[in-house]
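Everything below belongs to coords-v5.cif, which stores mmCIF, C-alpha atoms.
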data_model
loop_
_atom_site.label_atom_id
_atom_site.label_comp_id
_atom_site.auth_asym_id
_atom_site.auth_seq_id
_atom_site.Cartn_x
_atom_site.Cartn_y
_atom_site.Cartn_z
CA MET Z 1 0.00 0.00 0.00
CA HIS Z 2 1.31 3.45 -0.95
CA LEU Z 3 0.72 5.87 1.91
CA ARG Z 4 0.91 9.64 1.82
CA ARG Z 5 3.60 10.76 4.26
CA PHE Z 6 3.58 13.76 6.63
CA TYR Z 7 6.34 15.20 8.78
CA VAL Z 8 5.82 15.58 12.52
CA PRO Z 9 9.10 16.95 13.94
CA HIS Z 10 10.68 15.10 16.87
CA ARG Z 11 7.46 13.50 18.19
CA GLU Z 12 7.57 10.04 19.76
CA MET Z 13 4.09 9.18 18.38
CA LYS Z 14 2.23 6.54 20.39
CA ALA Z 15 -0.76 4.41 19.42
CA GLY Z 16 -4.04 6.25 19.98
CA GLU Z 17 -2.37 9.66 20.12
CA MET Z 18 -3.98 12.50 18.20
CA ILE Z 19 -1.43 14.46 16.19
CA ARG Z 20 -2.12 17.97 14.94
CA LEU Z 21 -0.17 18.68 11.74
CA SER Z 22 1.61 21.95 11.10
CA PRO Z 23 -0.12 24.49 8.85
CA ARG Z 24 2.22 23.60 5.98
CA GLU Z 25 1.62 19.84 6.30
CA SER Z 26 -2.12 20.45 6.76
CA HIS Z 27 -2.23 22.54 3.60
CA HIS Z 28 -0.41 19.76 1.75
CA LEU Z 29 -2.88 17.17 3.03
CA VAL Z 30 -6.05 19.14 2.26
CA ARG Z 31 -5.29 21.52 -0.61
CA VAL Z 32 -2.61 19.62 -2.53
CA LEU Z 33 -3.46 15.94 -2.00
CA ARG Z 34 -7.17 16.54 -1.27
CA LEU Z 35 -7.36 13.76 1.29
CA ASP Z 36 -10.58 13.18 3.22
CA CYS Z 37 -11.30 12.13 6.80
CA GLY Z 38 -10.80 8.40 7.25
CA THR Z 39 -7.83 8.23 4.87
CA THR Z 40 -4.90 6.17 6.11
CA VAL Z 41 -1.60 8.08 6.06
CA SER Z 42 1.85 7.72 7.55
CA LEU Z 43 3.71 10.11 9.85
CA PHE Z 44 7.49 10.30 10.27
CA ASN Z 45 9.41 12.26 12.88
CA GLY Z 46 12.74 12.79 11.09
CA ARG Z 47 14.57 10.73 13.72
CA GLY Z 48 13.94 7.25 12.38
CA LYS Z 49 10.34 6.49 13.36
CA GLU Z 50 7.33 6.18 11.06
CA VAL Z 51 3.77 5.18 11.99
CA TRP Z 52 0.34 4.70 10.47
CA GLY Z 53 -2.61 6.92 11.25
CA VAL Z 54 -6.08 7.93 10.09
CA VAL Z 55 -7.11 11.48 9.18
CA GLU Z 56 -9.63 12.65 11.80
CA SER Z 57 -10.11 16.23 10.60
CA ALA Z 58 -9.12 17.74 7.26
CA ASN Z 59 -8.61 21.35 8.32
CA PRO Z 60 -6.24 23.14 5.90
CA THR Z 61 -4.58 25.03 8.76
CA GLY Z 62 -4.56 22.29 11.41
CA ALA Z 63 -5.46 18.80 10.20
CA THR Z 64 -5.39 16.03 12.80
CA VAL Z 65 -4.34 12.38 12.50
CA ARG Z 66 -5.05 9.60 15.02
CA ILE Z 67 -2.22 7.06 15.25
CA THR Z 68 -3.47 3.53 14.73
CA GLN Z 69 -0.25 1.51 14.44
CA ALA Z 70 2.64 3.04 16.33
CA SER Z 71 5.04 0.15 15.82
CA HIS Z 72 4.32 -0.89 12.24
CA PHE Z 73 7.31 0.94 10.78
CA THR Z 74 9.56 0.89 13.85
CA GLU Z 75 11.97 -1.57 12.25
CA LEU Z 76 11.68 -0.13 8.75
CA SER Z 77 14.77 1.74 7.66
CA ARG Z 78 15.77 3.02 4.27
CA GLU Z 79 18.79 4.75 5.77
CA THR Z 80 22.32 3.78 4.76
CA LYS Z 81 24.37 1.75 7.22
CA THR Z 82 27.46 3.82 6.45
CA PRO Z 83 26.71 7.55 6.94
CA VAL Z 84 28.14 9.80 4.23
CA ASP Z 85 28.08 13.58 4.59
CA LEU Z 86 28.48 15.94 1.63
CA ILE Z 87 30.50 19.15 1.84
CA LEU Z 88 28.97 21.40 -0.80
CA PRO Z 89 29.80 24.87 -2.11
CA LEU Z 90 27.22 27.59 -2.42
CA LEU Z 91 26.05 27.47 -6.03
CA LYS Z 92 24.11 29.76 -8.33
CA ALA Z 93 20.33 29.78 -8.69
CA HIS Z 94 18.64 26.39 -8.35
CA LYS Z 95 21.78 24.26 -8.75
CA LEU Z 96 22.30 23.76 -5.02
CA GLU Z 97 18.66 22.71 -4.66
CA ILE Z 98 19.19 20.06 -7.34
CA ALA Z 99 22.22 18.67 -5.51
CA LEU Z 100 20.46 18.67 -2.12
CA ARG Z 101 17.34 16.97 -3.49
CA MET Z 102 19.12 14.25 -5.41
CA ALA Z 103 21.65 13.52 -2.68
CA THR Z 104 18.91 13.28 -0.06
CA GLU Z 105 16.94 10.84 -2.21
CA PHE Z 106 20.09 8.78 -2.69
CA GLY Z 107 20.88 8.59 1.03
CA ALA Z 108 23.23 11.41 2.10
CA SER Z 109 23.35 11.70 5.89
CA GLY Z 110 24.09 15.41 6.16
CA PHE Z 111 25.18 18.54 4.34
CA TRP Z 112 27.83 21.11 5.23
CA LEU Z 113 27.85 24.23 3.05
CA PHE Z 114 30.96 26.29 2.38
CA THR Z 115 32.20 29.35 0.58
CA SER Z 116 35.51 29.52 -1.24
CA GLU Z 117 37.32 31.83 -3.61
CA HIS Z 118 35.27 30.72 -6.63
CA SER Z 119 31.93 30.01 -4.94
CA VAL Z 120 28.86 32.17 -4.53
CA PRO Z 121 29.26 34.45 -1.47
CA ILE Z 122 27.07 34.05 1.62
CA PRO Z 123 23.95 36.24 1.26
CA GLN Z 124 23.40 38.94 3.83
CA ALA Z 125 20.71 38.54 6.51
CA PRO Z 126 17.78 38.02 6.25
CA GLY Z 127 18.49 36.51 2.83
CA ILE Z 128 20.56 33.64 4.19
CA GLU Z 129 17.86 32.70 6.74
CA ASN Z 130 15.27 32.56 3.96
CA LYS Z 131 17.54 30.44 1.78
CA LEU Z 132 18.28 28.02 4.62
CA ARG Z 133 14.55 27.56 5.22
CA ARG Z 134 14.07 26.93 1.49
CA TRP Z 135 16.92 24.39 1.37
CA GLU Z 136 15.60 22.63 4.49
CA TYR Z 137 12.22 22.30 2.78
CA VAL Z 138 13.86 20.87 -0.36
CA ILE Z 139 15.54 18.24 1.83
CA LEU Z 140 12.28 17.48 3.66
CA GLU Z 141 10.39 16.97 0.39
CA ALA Z 142 13.12 14.62 -0.84
CA VAL Z 143 12.88 12.64 2.42
CA ARG Z 144 9.11 12.46 2.05
CA LEU Z 145 9.33 11.23 -1.55
CA SER Z 146 12.10 8.70 -1.02
CA GLY Z 147 10.56 7.01 2.02
CA ARG Z 148 13.42 7.91 4.33
CA THR Z 149 12.74 8.38 8.04
CA ILE Z 150 15.76 10.46 9.13
CA LEU Z 151 16.07 14.09 8.08
CA PRO Z 152 19.66 14.89 7.00
CA ARG Z 153 21.33 17.73 8.84
CA LEU Z 154 21.98 20.99 6.99
CA SER Z 155 24.65 23.37 8.30
CA ALA Z 156 24.78 27.10 7.67
CA PRO Z 157 27.50 28.13 5.19
CA SER Z 158 31.00 28.87 6.49
CA PRO Z 159 34.36 29.53 4.80
CA LEU Z 160 36.15 26.40 3.59
CA GLY Z 161 39.26 27.43 5.52
CA LEU Z 162 37.34 27.23 8.79
CA LEU Z 163 35.19 24.21 7.95
CA LEU Z 164 37.83 21.70 6.89
CA PRO Z 165 40.00 21.96 10.05
CA GLU Z 166 36.83 21.52 12.14
CA LEU Z 167 35.69 18.44 10.22
CA ALA Z 168 39.17 16.91 10.34
CA HIS Z 169 38.57 16.13 14.04
CA THR Z 170 35.40 14.13 13.39
CA HIS Z 171 35.46 12.92 9.78
CA ILE Z 172 37.50 11.12 7.16
CA ILE Z 173 37.67 13.84 4.50
CA ILE Z 174 37.75 12.89 0.82
CA PHE Z 175 38.47 15.86 -1.43
CA ALA Z 176 37.42 15.59 -5.08
CA TYR Z 177 39.72 17.59 -7.34
CA GLU Z 178 40.21 17.55 -11.11
CA GLY Z 179 43.50 19.44 -11.31
CA GLU Z 180 46.01 16.62 -10.88
CA ASN Z 181 46.71 13.01 -11.80
CA LEU Z 182 45.10 11.60 -8.66
CA LYS Z 183 43.85 8.21 -7.52
CA LYS Z 184 40.25 7.38 -8.35
CA LEU Z 185 37.67 7.66 -5.60
CA SER Z 186 37.12 3.89 -5.73
CA ASP Z 187 40.84 3.30 -5.10
CA ILE Z 188 40.79 5.62 -2.08
CA LEU Z 189 37.79 3.77 -0.67
CA SER Z 190 39.47 0.40 -1.22
CA THR Z 191 42.44 1.63 0.80
CA LEU Z 192 40.26 2.91 3.65
CA CYS Z 193 38.19 -0.27 3.74
CA SER Z 194 41.02 -2.75 3.21
CA PRO Z 195 40.04 -6.19 4.58
CA SER Z 196 43.64 -6.79 5.62
CA GLY Z 197 43.89 -3.62 7.68
CA THR Z 198 41.86 -1.40 9.95
CA ASN Z 199 38.56 -0.36 8.43
CA GLN Z 200 38.66 3.39 9.05
CA VAL Z 201 35.17 3.88 7.63
CA GLU Z 202 33.66 1.80 10.44
CA GLN Z 203 35.43 3.92 13.06
CA GLU Z 204 34.90 7.45 11.72
CA ARG Z 205 32.28 9.37 9.79
CA VAL Z 206 33.03 9.95 6.10
CA CYS Z 207 32.52 13.15 4.14
CA ILE Z 208 33.34 14.12 0.58
CA VAL Z 209 34.09 17.65 -0.60
CA THR Z 210 33.20 18.75 -4.13
CA GLY Z 211 34.04 22.08 -5.65
CA PRO Z 212 32.26 25.21 -6.89
CA GLU Z 213 31.68 26.09 -10.53
CA GLY Z 214 35.08 27.77 -10.75
CA GLY Z 215 36.90 24.89 -9.09
CA PHE Z 216 39.34 24.96 -6.18
CA THR Z 217 42.42 27.17 -6.06
CA PRO Z 218 45.89 25.63 -5.49
CA GLY Z 219 45.89 27.20 -2.01
CA GLU Z 220 42.60 25.51 -1.12
CA VAL Z 221 43.94 22.16 -2.32
CA ASP Z 222 47.08 22.60 -0.20
CA MET Z 223 44.89 23.42 2.81
CA ALA Z 224 42.92 20.21 2.25
CA ARG Z 225 46.18 18.25 2.27
CA ARG Z 226 47.26 19.91 5.52
CA CYS Z 227 43.94 18.87 7.06
CA GLY Z 228 44.66 15.24 6.20
CA ALA Z 229 42.14 14.99 3.37
CA TYR Z 230 42.42 12.24 0.76
CA LEU Z 231 42.57 13.87 -2.67
CA CYS Z 232 40.85 11.93 -5.44
CA SER Z 233 39.54 12.07 -8.98
CA LEU Z 234 35.94 11.50 -10.04
CA GLY Z 235 36.98 10.36 -13.51
CA ARG Z 236 38.39 11.74 -16.74
CA CYS Z 237 35.53 14.13 -17.49
CA ILE Z 238 34.93 17.50 -15.86
CA LEU Z 239 31.60 17.38 -14.00
CA ARG Z 240 29.23 20.23 -13.29
CA ALA Z 241 29.24 21.48 -9.70
CA GLU Z 242 25.77 20.02 -9.05
CA THR Z 243 26.65 16.70 -10.73
CA ALA Z 244 29.93 15.98 -8.91
CA PRO Z 245 28.44 15.36 -5.43
CA ILE Z 246 25.85 12.94 -6.81
CA ALA Z 247 28.49 11.04 -8.78
CA ALA Z 248 30.73 10.84 -5.70
CA LEU Z 249 27.90 9.74 -3.43
CA SER Z 250 26.90 7.04 -5.93
CA VAL Z 251 30.42 5.62 -6.04
CA MET Z 252 30.72 5.66 -2.24
CA LEU Z 253 27.40 3.99 -1.52
CA ALA Z 254 28.02 1.39 -4.22
CA HIS Z 255 31.39 0.63 -2.66
CA PHE Z 256 29.76 0.21 0.76
CA GLY Z 257 27.17 -2.17 -0.73
CA GLU Z 258 24.25 0.20 -0.26
CA VAL Z 259 23.14 0.16 -3.91
#

Could you spell out this file's structure in structure tokens?
Amino acid sequence: MHLRRFYVPHREMKAGEMIRLSPRESHHLVRVLRLDCGTTVSLFNGRGKEVWGVVESANPTGATVRITQASHFTELSRETKTPVDLILPLLKAHKLEIALRMATEFGASGFWLFTSEHSVPIPQAPGIENKLRRWEYVILEAVRLSGRTILPRLSAPSPLGLLLPELAHTHIIIFAYEGENLKKLSDILSTLCSPSGTNQVEQERVCIVTGPEGGFTPGEVDMARRCGAYLCSLGRCILRAETAPIAALSVMLAHFGEV
């Protein structure tokens, strides 16, 4: 059965509980999907839990759903076993939205945004707050569509020179760069996940950095090296800035046996 899915942030959701949807989710239920009272739907909390419920009132500003099966989806998980975060540059127009949507559907665990010499600059307030809300909604819609139950984290943009040293303490950093004769991403992953040695991927979180439309400068590449990043190639062809993170994520999840 295909169920319409609605987001209820951070709620535990117990059987018999009456859940009031947010105005945005209520509008989606009533005005967009045109669902009636008595329709069976699913609710997910963005933290791994999804349940069944029945629409009790179809109010476009505050629809309510009564939970009927609080444990039906408890064990269901479409999340990857190996978390992979993407470190993305600010991009022009809708290109960042494309990357966020596709990567979320494919299984990215989180997003860290950065600025660099060739990237789009950080918008001034309140523009950046509005953009963050828009990007968060793009991610939410991708989670809803793909059947995922965990909402990937989205960080506010920060300069690459500040972000990489911070992530070096918590992540294995893989840095995709087209400017040199580098090892392929698959070769880097084989080294990190060598059966004969320590599997670093099982011990630390993994992230991959892809560049802006103008590419990385030599100074930014040197900084990545100093932070302990593994430099790699994504192939012979030059990829668009919104294509590169999806290509990298595909290779990584395939290597980890997720696809």

**Q.** Residues returned when the PyMOL selection byres ((chain Z and resi 138) around 12) runs on this file, as a list in words
**A.**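 Applying the PyMOL selection byres ((chain Z and resi 138) around 12) to the structure shown produces His94, Leu96, Glu97, Ile98, Ala99, Leu100, Arg101, Met102, Ala103, Thr104, Glu105, Lys131, Leu132, Arg133, Arg134, Trp135, Glu136, Tyr137, Ile139, Leu140, Glu141, Ala142, Val143, Arg144, Leu145, Leu151, Pro152 and Leu154 of chain Z.
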
**Q.** Explicit residues for the PyMOL selection byres ((chain Z and resi 111) around 9) (as a list in words)
**A.**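 For this structure, the PyMOL selection byres ((chain Z and resi 111) around 9) captures Asp85, Leu86, Ile87, Leu88, Leu100, Ala108, Ser109, Gly110, Trp112, Leu113, Pro152, Arg153, Leu154 and Ser155 of chain Z.
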
Any chance you could export the current selection's C-alpha atoms as a compact mmCIF listing (two decimals), in the coordinates of the input?
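Okay, this is what ended up in selection.txt:
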# COMPACT_ATOMS: atom_id res chain seq x y z
CA ASP Z 85 28.08 13.58 4.59
CA LEU Z 86 28.48 15.94 1.63
CA ILE Z 87 30.50 19.15 1.84
CA LEU Z 88 28.97 21.40 -0.80
CA LEU Z 100 20.46 18.67 -2.12
CA ALA Z 108 23.23 11.41 2.10
CA SER Z 109 23.35 11.70 5.89
CA GLY Z 110 24.09 15.41 6.16
CA TRP Z 112 27.83 21.11 5.23
CA LEU Z 113 27.85 24.23 3.05
CA PRO Z 152 19.66 14.89 7.00
CA ARG Z 153 21.33 17.73 8.84
CA LEU Z 154 21.98 20.99 6.99
CA SER Z 155 24.65 23.37 8.30

Q: Expand the PyMOL selection byres ((chain Z and resi 23) around 8) into the individual residues it matches in the shown file, reporting them as an MDAnalysis selection string.
A: chainID Z and resid 21:22 24:27 60:63

Q.
My list of candidates is Z:Leu192, Z:Cys207, Z:Val84, Z:Ala176. Which is closest to Leu239 in chain Z when distances are computed with all atoms listed in the file?
A.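 Residue with the minimum atom-to-atom distance to Leu239 in chain Z: Z:Ala176.
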
Q.
Residues within 10 Å of Phe216 in chain Z, please, as a count of residues only. Count all atoms listed in the file; anything in the same chain fewer than 6 positions from it doesn't count.
A. 9

Q | For Asn59 in chain Z, the nearest of the candidates Z:Leu90, Z:Thr40, Z:Ala241, Z:Arg20, counting only C-alpha atoms | A |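 Closest to Asn59 in chain Z of all the choices is Z:Arg20.
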
Q: Would you mind telling me which residue in Z:Ala156, Z:Glu17, Z:Val206, Z:Ile238 lies nearest to Thr170 in chain Z when using all atoms listed in the file?
A: Z:Val206

**Q.** Neighbour list for Asp222 in chain Z as a list in words, cut-off 12 Å, all atoms listed in the file, skip fewer than 4 positions in-chain
**A.**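 Near neighbours after the sequence-gap exclusion: Gly161, Leu164, Phe175, Tyr177, Phe216, Thr217, Pro218, Arg226, Cys227, Gly228, Ala229, Tyr230 and Leu231 of chain Z.
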
Q. Given the choices Z:Gly235, Z:Gly107, Z:Gly147, Z:Pro212, which gets closest to Phe6 in chain Z if the distance is worked out from all atoms listed in the file?
A.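 Residue with the minimum atom-to-atom distance to Phe6 in chain Z: Z:Gly147.
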
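Closest approach to Gly53 in chain Z among Z:Pro83, Z:Gly38, Z:Pro123, Z:Gly215: Z:Gly38, based on all atoms listed in the file.
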
Could you extract range 14-29 of chain Z of the given structure into a file holding N, CA and C atoms, as a short mmCIF file (atom, residue, chain, number, x, y, z; two decimals), in the first residue's frame?
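Writing done, so here's decode-v3.cif:
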data_model
loop_
_atom_site.label_atom_id
_atom_site.label_comp_id
_atom_site.auth_asym_id
_atom_site.auth_seq_id
_atom_site.Cartn_x
_atom_site.Cartn_y
_atom_site.Cartn_z
N LYS Z 14 2.71 7.78 19.79
CA LYS Z 14 2.23 6.54 20.39
C LYS Z 14 0.85 6.18 19.86
N ALA Z 15 0.53 4.89 19.92
CA ALA Z 15 -0.76 4.41 19.42
C ALA Z 15 -1.90 5.11 20.16
N GLY Z 16 -2.90 5.57 19.42
CA GLY Z 16 -4.04 6.25 19.98
C GLY Z 16 -3.85 7.74 20.12
N GLU Z 17 -2.64 8.23 19.98
CA GLU Z 17 -2.37 9.66 20.12
C GLU Z 17 -2.95 10.43 18.95
N MET Z 18 -3.46 11.62 19.24
CA MET Z 18 -3.98 12.50 18.20
C MET Z 18 -2.90 13.53 17.86
N ILE Z 19 -2.50 13.57 16.63
CA ILE Z 19 -1.43 14.46 16.19
C ILE Z 19 -2.02 15.59 15.35
N ARG Z 20 -1.70 16.81 15.73
CA ARG Z 20 -2.12 17.97 14.94
C ARG Z 20 -0.96 18.35 14.01
N LEU Z 21 -1.21 18.35 12.71
CA LEU Z 21 -0.17 18.68 11.74
C LEU Z 21 0.08 20.18 11.69
N SER Z 22 1.27 20.53 11.27
CA SER Z 22 1.61 21.95 11.10
C SER Z 22 0.77 22.55 9.99
N PRO Z 23 0.65 23.87 9.93
CA PRO Z 23 -0.12 24.49 8.85
C PRO Z 23 0.37 24.08 7.46
N ARG Z 24 1.68 23.98 7.29
CA ARG Z 24 2.22 23.60 5.98
C ARG Z 24 1.83 22.17 5.62
N GLU Z 25 1.98 21.23 6.57
CA GLU Z 25 1.62 19.84 6.30
C GLU Z 25 0.11 19.70 6.13
N SER Z 26 -0.66 20.49 6.90
CA SER Z 26 -2.12 20.45 6.76
C SER Z 26 -2.54 20.94 5.39
N HIS Z 27 -1.92 22.02 4.93
CA HIS Z 27 -2.23 22.54 3.60
C HIS Z 27 -1.92 21.49 2.54
N HIS Z 28 -0.80 20.80 2.71
CA HIS Z 28 -0.41 19.76 1.75
C HIS Z 28 -1.45 18.63 1.74
N LEU Z 29 -1.90 18.25 2.92
CA LEU Z 29 -2.88 17.17 3.03
C LEU Z 29 -4.22 17.55 2.38
#
